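Chemist: final32.txt is the file, holding compact mmCIF, C-alpha atoms:
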# COMPACT_ATOMS: atom_id res chain seq x y z
CA MET A 235 80.70 -105.02 67.22
CA GLU A 236 77.96 -104.72 69.83
CA ASP A 237 78.26 -108.41 70.72
CA LYS A 238 82.01 -108.05 71.08
CA VAL A 239 81.73 -105.07 73.43
CA HIS A 240 79.00 -106.75 75.48
CA ALA A 241 81.27 -109.79 75.89
CA GLN A 242 84.14 -107.56 76.99
CA ILE A 243 81.91 -105.80 79.53
CA ASP A 244 80.61 -109.11 80.87
CA SER A 245 84.17 -110.15 81.70
CA ILE A 246 84.70 -107.09 83.94
CA GLU A 247 84.00 -107.37 87.67
CA GLY A 248 82.06 -104.17 88.14
CA ASN A 249 79.52 -101.93 86.39
CA VAL A 250 80.36 -100.40 83.03
CA ALA A 251 78.66 -97.93 80.70
CA VAL A 252 79.69 -97.21 77.12
CA ALA A 253 78.71 -94.48 74.68
CA PHE A 254 80.12 -94.29 71.14
CA LEU A 255 79.44 -91.89 68.28
CA ASN A 256 81.08 -91.92 64.87
CA LEU A 257 81.49 -88.20 64.10
CA SER A 258 81.79 -89.01 60.39
CA ASP A 259 78.42 -90.80 60.45
CA PRO A 260 76.08 -89.69 63.28
CA THR A 261 73.81 -92.72 62.67
CA ASP A 262 76.70 -94.98 63.75
CA THR A 263 76.34 -95.17 67.54
CA LEU A 264 76.52 -97.70 70.33
CA TYR A 265 75.05 -97.19 73.77
CA ILE A 266 75.27 -99.59 76.70
CA ASN A 267 73.89 -98.55 80.12
CA GLU A 268 74.20 -95.01 78.79
CA ASN A 269 71.66 -93.52 81.23
CA GLU A 270 73.03 -95.17 84.36
CA GLU A 271 74.27 -92.70 86.96
CA PHE A 272 77.94 -92.69 87.95
CA HIS A 273 80.02 -90.59 90.31
CA ALA A 274 81.49 -88.11 87.85
CA ALA A 275 84.95 -88.03 89.50
CA SER A 276 87.23 -85.75 87.47
CA THR A 277 85.21 -85.92 84.26
CA MET A 278 83.23 -82.96 85.67
CA LYS A 279 86.26 -80.78 84.99
CA VAL A 280 85.31 -80.68 81.30
CA PRO A 281 81.99 -78.90 82.00
CA VAL A 282 83.90 -76.43 84.21
CA MET A 283 86.26 -75.71 81.30
CA ILE A 284 83.31 -75.13 78.95
CA GLU A 285 81.77 -72.71 81.44
CA LEU A 286 85.04 -70.79 81.74
CA PHE A 287 85.14 -70.24 77.98
CA LYS A 288 81.45 -69.31 77.98
CA GLN A 289 81.93 -66.67 80.67
CA LYS A 290 84.97 -65.40 78.79
CA GLU A 291 82.77 -64.90 75.70
CA GLU A 292 80.17 -63.13 77.85
CA GLY A 293 82.85 -60.73 79.06
CA LYS A 294 82.52 -61.85 82.68
CA ILE A 295 86.08 -63.12 82.98
CA ASN A 296 89.38 -62.80 81.15
CA LEU A 297 91.34 -66.05 81.05
CA ASN A 298 94.59 -64.05 80.99
CA ASP A 299 93.73 -62.47 84.34
CA SER A 300 95.34 -63.83 87.47
CA ILE A 301 93.80 -64.56 90.84
CA LEU A 302 95.30 -65.16 94.24
CA LEU A 303 95.56 -68.91 94.77
CA ILE A 304 94.22 -69.74 98.23
CA ASN A 305 93.80 -73.27 99.54
CA GLU A 306 90.57 -72.74 101.42
CA PHE A 307 87.08 -73.64 100.29
CA LYS A 308 83.57 -73.76 101.74
CA SER A 309 81.51 -76.93 102.06
CA ILE A 310 78.19 -76.76 100.19
CA VAL A 311 76.61 -78.38 103.27
CA ASP A 312 77.18 -75.74 105.93
CA GLY A 313 79.74 -73.28 104.60
CA SER A 314 82.47 -74.63 106.87
CA SER A 315 85.93 -74.33 105.39
CA TYR A 316 88.18 -77.14 104.22
CA SER A 317 91.50 -77.35 102.40
CA MET A 318 92.96 -79.63 99.75
CA ASP A 319 95.57 -82.18 100.72
CA ILE A 320 98.52 -82.24 98.36
CA GLY A 321 98.83 -85.98 99.07
CA ASP A 322 95.42 -86.56 97.47
CA ASP A 323 96.06 -84.41 94.43
CA SER A 324 97.84 -85.21 91.19
CA ASP A 325 99.23 -81.71 90.69
CA ASP A 326 102.01 -80.80 93.08
CA VAL A 327 103.34 -77.96 90.90
CA ILE A 328 100.43 -75.69 91.64
CA TYR A 329 100.73 -76.17 95.39
CA ASN A 330 104.02 -74.30 95.22
CA LYS A 331 102.04 -71.32 93.95
CA ILE A 332 99.63 -71.03 96.88
CA ASN A 333 99.35 -67.40 98.04
CA THR A 334 100.65 -66.14 94.69
CA GLN A 335 98.84 -64.84 91.61
CA VAL A 336 98.09 -67.51 89.00
CA ALA A 337 96.51 -66.94 85.57
CA LEU A 338 93.05 -68.44 85.07
CA LYS A 339 94.17 -70.09 81.81
CA ASP A 340 97.01 -71.84 83.69
CA LEU A 341 94.62 -73.08 86.37
CA MET A 342 92.28 -74.34 83.65
CA TYR A 343 95.11 -76.10 81.83
CA ASN A 344 96.22 -77.86 85.03
CA MET A 345 92.63 -78.75 85.91
CA ILE A 346 92.37 -80.75 82.67
CA THR A 347 95.86 -82.03 81.88
CA VAL A 348 97.02 -83.10 85.34
CA SER A 349 93.53 -83.11 86.87
CA SER A 350 94.46 -80.57 89.54
CA ASN A 351 91.82 -80.61 92.28
CA LEU A 352 93.10 -77.38 93.79
CA ALA A 353 92.77 -75.57 90.45
CA THR A 354 89.33 -77.10 89.95
CA ASN A 355 87.99 -75.82 93.26
CA VAL A 356 89.31 -72.31 92.67
CA LEU A 357 87.67 -72.25 89.24
CA ILE A 358 84.34 -73.71 90.40
CA GLU A 359 84.07 -71.00 93.04
CA LEU A 360 84.78 -68.45 90.31
CA VAL A 361 82.21 -69.61 87.74
CA ASP A 362 79.58 -71.15 90.10
CA ALA A 363 78.68 -74.85 89.96
CA LYS A 364 74.99 -74.10 89.29
CA LYS A 365 75.92 -72.18 86.15
CA VAL A 366 78.10 -75.07 85.00
CA THR A 367 75.16 -77.47 85.29
CA ALA A 368 72.80 -75.00 83.57
CA THR A 369 75.19 -74.69 80.63
CA MET A 370 75.30 -78.49 80.32
CA ARG A 371 71.48 -78.51 80.14
CA ASP A 372 71.69 -75.95 77.33
CA LEU A 373 73.99 -78.34 75.45
CA GLY A 374 71.42 -81.14 75.84
CA ALA A 375 73.05 -83.04 78.71
CA GLU A 376 70.04 -83.68 80.91
CA ASN A 377 71.43 -85.61 83.87
CA ILE A 378 74.96 -84.49 84.63
CA GLU A 379 75.15 -82.63 87.95
CA VAL A 380 78.03 -80.40 88.94
CA LEU A 381 77.24 -79.61 92.56
CA ARG A 382 80.55 -78.83 94.14
CA GLY A 383 84.31 -78.85 94.15
CA VAL A 384 86.49 -81.80 95.05
CA GLU A 385 87.24 -83.22 98.52
CA ASP A 386 84.16 -81.68 100.17
CA GLN A 387 83.92 -84.53 102.68
CA LYS A 388 80.76 -83.30 104.42
CA ALA A 389 78.92 -83.21 101.11
CA TYR A 390 80.30 -86.61 100.10
CA ASP A 391 79.12 -88.14 103.39
CA LEU A 392 75.60 -86.89 102.64
CA GLY A 393 75.70 -88.33 99.13
CA LEU A 394 76.03 -84.90 97.52
CA SER A 395 78.45 -85.73 94.74
CA ASN A 396 78.93 -84.69 91.14
CA SER A 397 77.31 -87.28 88.90
CA THR A 398 77.07 -88.08 85.22
CA THR A 399 75.92 -90.60 82.65
CA ALA A 400 77.83 -91.91 79.66
CA LYS A 401 75.21 -90.36 77.34
CA ASP A 402 75.71 -86.90 78.84
CA LEU A 403 79.49 -87.02 78.60
CA LEU A 404 79.15 -88.10 74.98
CA ILE A 405 76.86 -85.12 74.30
CA ILE A 406 79.38 -82.79 75.95
CA MET A 407 82.41 -84.16 74.07
CA GLU A 408 80.46 -84.12 70.80
CA ALA A 409 79.59 -80.46 71.47
CA ILE A 410 83.30 -79.66 71.79
CA ALA A 411 84.17 -81.69 68.67
CA THR A 412 81.49 -79.96 66.57
CA ASN A 413 81.96 -76.38 67.87
CA LYS A 414 78.64 -76.34 69.73
CA ALA A 415 80.28 -75.91 73.15
CA GLY A 416 81.52 -72.43 72.25
CA THR A 417 83.02 -70.52 69.35
CA LYS A 418 85.09 -72.49 66.86
CA GLU A 419 88.23 -70.90 68.26
CA ASP A 420 87.27 -71.75 71.84
CA CYS A 421 86.41 -75.35 70.95
CA ASN A 422 89.77 -75.67 69.19
CA ASP A 423 91.46 -74.38 72.33
CA MET A 424 89.53 -76.90 74.46
CA ILE A 425 90.55 -79.74 72.15
CA ALA A 426 94.19 -78.67 72.32
CA ILE A 427 94.08 -78.73 76.12
CA LEU A 428 92.34 -82.12 76.18
CA LYS A 429 94.99 -83.52 73.80
CA ASP A 430 97.66 -82.60 76.38
CA GLN A 431 96.08 -84.99 78.90
CA ARG A 432 98.79 -86.62 81.05
CA PHE A 433 96.73 -89.65 82.15
CA ASN A 434 96.55 -91.99 79.20
CA ASP A 435 95.88 -95.47 80.60
CA LEU A 436 92.32 -95.91 79.29
CA ILE A 437 91.14 -94.76 75.84
CA PRO A 438 94.60 -94.11 74.30
CA ARG A 439 96.40 -96.92 76.11
CA ASP A 440 96.61 -99.47 73.30
CA LEU A 441 96.00 -97.21 70.31
CA PRO A 442 98.71 -96.47 67.72
CA LYS A 443 100.91 -93.46 68.49
CA ASN A 444 99.65 -91.56 65.44
CA VAL A 445 96.09 -91.52 66.84
CA GLU A 446 95.30 -88.32 68.75
CA VAL A 447 92.94 -88.41 71.71
CA ALA A 448 91.42 -85.29 73.29
CA HIS A 449 90.12 -86.65 76.56
CA LYS A 450 89.55 -86.41 80.31
CA THR A 451 89.84 -89.25 82.78
CA GLY A 452 88.31 -89.64 86.21
CA TRP A 453 89.43 -91.88 89.02
CA ILE A 454 88.38 -92.62 92.60
CA THR A 455 88.45 -95.97 94.37
CA GLY A 456 86.48 -98.52 92.33
CA VAL A 457 85.70 -95.91 89.68
CA HIS A 458 87.64 -95.34 86.47
CA HIS A 459 86.33 -93.19 83.61
CA ASP A 460 87.52 -91.76 80.34
CA ALA A 461 85.65 -89.54 77.89
CA GLY A 462 87.29 -88.45 74.69
CA ILE A 463 87.36 -87.50 71.05
CA VAL A 464 89.57 -89.84 69.00
CA TYR A 465 91.19 -88.56 65.82
CA LEU A 466 92.40 -91.12 63.27
CA PRO A 467 95.18 -90.27 60.77
CA ASP A 468 92.76 -90.82 57.87
CA GLY A 469 90.56 -87.93 59.00
CA GLN A 470 87.87 -89.97 60.72
CA SER A 471 86.97 -89.17 64.31
CA TYR A 472 84.68 -90.51 67.01
CA VAL A 473 83.58 -89.84 70.57
CA LEU A 474 83.96 -92.61 73.12
CA VAL A 475 82.92 -92.60 76.78
CA LEU A 476 83.84 -95.44 79.15
CA LEU A 477 82.48 -95.26 82.71
CA SER A 478 82.98 -97.84 85.44
CA LYS A 479 82.18 -98.37 89.11
CA ASN A 480 82.49 -101.13 91.71
CA ILE A 481 85.63 -102.29 89.90
CA GLN A 482 87.14 -105.08 92.00
CA ASP A 483 90.63 -105.20 90.50
CA SER A 484 91.84 -101.75 89.46
CA ASP A 485 94.73 -102.80 87.22
CA LYS A 486 92.81 -105.58 85.51
CA GLY A 487 89.71 -103.42 85.12
CA THR A 488 91.77 -100.62 83.58
CA GLN A 489 93.25 -102.99 81.01
CA GLN A 490 89.81 -104.44 80.23
CA LEU A 491 88.41 -100.96 79.63
CA ALA A 492 91.40 -100.15 77.42
CA ASP A 493 90.60 -103.34 75.47
CA ILE A 494 87.10 -101.97 74.79
CA SER A 495 88.65 -98.74 73.51
CA LYS A 496 90.90 -100.76 71.21
CA ALA A 497 87.88 -102.64 69.86
CA PHE A 498 86.24 -99.37 68.82
CA TYR A 499 89.46 -98.18 67.21
CA ASP A 500 89.77 -101.45 65.24
CA TYR A 501 86.14 -101.07 64.15
CA MET A 502 86.76 -97.51 62.88
CA ALA A 503 90.17 -98.25 61.32
CA HIS A 504 89.01 -101.16 59.17
Output the structure of this file as structure tokens.
Modeler:
Amino acid sequence: MEDKVHAQIDSIEGNVAVAFLNLSDPTDTLYINENEEFHAASTMKVPVMIELFKQKEEGKINLNDSILLINEFKSIVDGSSYSMDIGDDSDDVIYNKINTQVALKDLMYNMITVSSNLATNVLIELVDAKKVTATMRDLGAENIEVLRGVEDQKAYDLGLSNSTTAKDLLIIMEAIATNKAGTKEDCNDMIAILKDQRFNDLIPRDLPKNVEVAHKTGWITGVHHDAGIVYLPDGQSYVLVLLSKNIQDSDKGTQQLADISKAFYDYMAH
């Protein structure tokens, strides 16, 4: 299996990291470049979701409460304000709700399922990026950094970006799968949201329709990620994280990463 995955990675023009954990047998793992740092892209929205549920449990927020949706945010560099461009976001529905009251749970759902950047930034300002990172440390993820919201160009220009490793995303997804990321009820809610993911061109792409995947993708130019929990019909499940950067051919690279996902499924299914 390891040789097969290494061969698949070698055929990809770019850098790839893989982390795999068989949830039915925790000794069954595969790590390749698992500690290499990658731009987190939208995978950082999962830690934000975990923090929202944590603060709900602490009584700090109520996910049924609504807040005024305003498209204005402050750069972490100098506090100057910037706005999100609907053309750069994947969620146009929520833009129609600017200057109206939107429930936190709806913002959270859109942040994960359609990867709404606007919803993400509103929620990060609410829960505080530093607290998100601290909670990830508590879960055992030692390197992931959630510094800021999305589209903070001044921060990006200075190299201040959210980053992660495949190992850390695996730890985070495992924590959700095993009810360590919150109460059992909260983890079940997180899994349900992740299963409603609208972007399915990596881990689930070539898997049978009766396989459920609770996952979160991330994409920026040259970067394509997916981190998920895969549920087989026979009751087995596993965590798989695929991270990539410097991908030369986006379409080809996406298919090649999906091929790696399929290889893990075939390994688990037989």
Chemist: As an exercise, work out the distance from CA of Asp362 (chain A) to CA of Thr455 (chain A) in Å and give it to one decimal place.
Modeler: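 Pair CA of Asp362 (chain A) / CA of Thr455 (chain A) returns 26.7 Å.
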Chemist: So which one's closest to Glu247 (chain A), A:Gly487, A:Leu474, A:Met283, A:Asp423? Using all atoms listed in the file, please.
Modeler: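 With all atoms listed in the file as the atom set, the closest residue is A:Gly487.
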Chemist: Just the number, please: distance in Å from CA of Tyr499 (chain A) to CA of Asn256 (chain A), one decimal.
Modeler: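 Separating CA of Tyr499 (chain A) from CA of Asn256 (chain A) is a distance of 10.7 Å.
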Chemist: If I take CA of Lys294 (chain A) and CA of Gln431 (chain A), how far is one from the other in Å, to one decimal?
Modeler: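 Here the two named atoms are 27.1 Å from each other.
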Chemist: From the list A:Asp430, A:Glu292, A:Asp244, A:Glu268, which residue is nearest Thr398 (chain A) when using only C-alpha atoms?
Modeler: A:Glu268
Chemist: For Tyr329 (chain A), please output as number ranges by chain all residues within 9 Å (counting only C-alpha atoms; exclusion window: fewer than 5 positions along the same chain).
Modeler: A: 303, 305, 320, 352
Chemist: Find the residue from A:Val384, A:Ile425, A:Leu341, A:Val445 that sits nearest to Leu286 (chain A); use all atoms listed in the file when measuring.
Modeler: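 Answer, going by the shortest atom-to-atom distance: A:Leu341.
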Chemist: With distances taken over all atoms listed in the file, which residue among A:Ile295, A:Ile427, A:Asp391, A:Arg432 lies nearest Asp325 (chain A)?
Modeler: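 Of A:Ile295, A:Ile427, A:Asp391, A:Arg432, the one nearest Asp325 (chain A) is A:Arg432, counting all atoms listed in the file.
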Chemist: Once N, CA and C atoms are restored for region 347-371 of chain A, what would the output be as a short mmCIF file (atom, residue, chain, number, x, y, z; two decimals), keeping the file's coordinate frame?
Modeler:
data_model
loop_
_atom_site.label_atom_id
_atom_site.label_comp_id
_atom_site.auth_asym_id
_atom_site.auth_seq_id
_atom_site.Cartn_x
_atom_site.Cartn_y
_atom_site.Cartn_z
N THR A 347 94.74 -81.17 82.29
CA THR A 347 95.86 -82.03 81.88
C THR A 347 96.43 -82.87 83.00
N VAL A 348 96.52 -82.30 84.21
CA VAL A 348 97.02 -83.10 85.34
C VAL A 348 95.94 -83.29 86.39
N SER A 349 94.70 -82.91 86.03
CA SER A 349 93.53 -83.11 86.87
C SER A 349 93.67 -82.46 88.25
N SER A 350 94.23 -81.27 88.27
CA SER A 350 94.46 -80.57 89.54
C SER A 350 93.14 -80.29 90.27
N ASN A 351 93.01 -80.85 91.47
CA ASN A 351 91.82 -80.61 92.28
C ASN A 351 91.82 -79.21 92.87
N LEU A 352 92.99 -78.73 93.24
CA LEU A 352 93.10 -77.38 93.79
C LEU A 352 92.65 -76.35 92.74
N ALA A 353 93.17 -76.48 91.53
CA ALA A 353 92.77 -75.57 90.45
C ALA A 353 91.27 -75.66 90.18
N THR A 354 90.75 -76.88 90.20
CA THR A 354 89.33 -77.10 89.95
C THR A 354 88.47 -76.34 90.95
N ASN A 355 88.81 -76.47 92.23
CA ASN A 355 87.99 -75.82 93.26
C ASN A 355 88.02 -74.30 93.15
N VAL A 356 89.19 -73.76 92.85
CA VAL A 356 89.31 -72.31 92.67
C VAL A 356 88.40 -71.87 91.52
N LEU A 357 88.43 -72.63 90.43
CA LEU A 357 87.67 -72.25 89.24
C LEU A 357 86.17 -72.45 89.42
N ILE A 358 85.77 -73.49 90.15
CA ILE A 358 84.34 -73.71 90.40
C ILE A 358 83.76 -72.57 91.24
N GLU A 359 84.55 -72.12 92.23
CA GLU A 359 84.07 -71.00 93.04
C GLU A 359 83.94 -69.75 92.17
N LEU A 360 84.80 -69.62 91.19
CA LEU A 360 84.78 -68.45 90.31
C LEU A 360 83.55 -68.45 89.39
N VAL A 361 83.28 -69.59 88.75
CA VAL A 361 82.21 -69.61 87.74
C VAL A 361 80.85 -70.04 88.28
N ASP A 362 80.81 -70.70 89.44
CA ASP A 362 79.58 -71.15 90.10
C ASP A 362 79.07 -72.49 89.52
N ALA A 363 79.07 -73.49 90.38
CA ALA A 363 78.68 -74.85 89.96
C ALA A 363 77.29 -74.89 89.32
N LYS A 364 76.35 -74.11 89.85
CA LYS A 364 74.99 -74.10 89.29
C LYS A 364 74.99 -73.64 87.83
N LYS A 365 75.85 -72.67 87.53
CA LYS A 365 75.92 -72.18 86.15
C LYS A 365 76.54 -73.23 85.24
N VAL A 366 77.49 -73.99 85.78
CA VAL A 366 78.10 -75.07 85.00
C VAL A 366 77.03 -76.08 84.59
N THR A 367 76.22 -76.49 85.57
CA THR A 367 75.16 -77.47 85.29
C THR A 367 74.15 -76.90 84.31
N ALA A 368 73.78 -75.63 84.47
CA ALA A 368 72.80 -75.00 83.57
C ALA A 368 73.32 -74.98 82.13
N THR A 369 74.60 -74.70 81.97
CA THR A 369 75.19 -74.69 80.63
C THR A 369 75.16 -76.09 80.01
N MET A 370 75.37 -77.12 80.83
CA MET A 370 75.30 -78.49 80.32
C MET A 370 73.88 -78.82 79.85
N ARG A 371 72.87 -78.30 80.58
CA ARG A 371 71.48 -78.51 80.14
C ARG A 371 71.26 -77.85 78.78
#
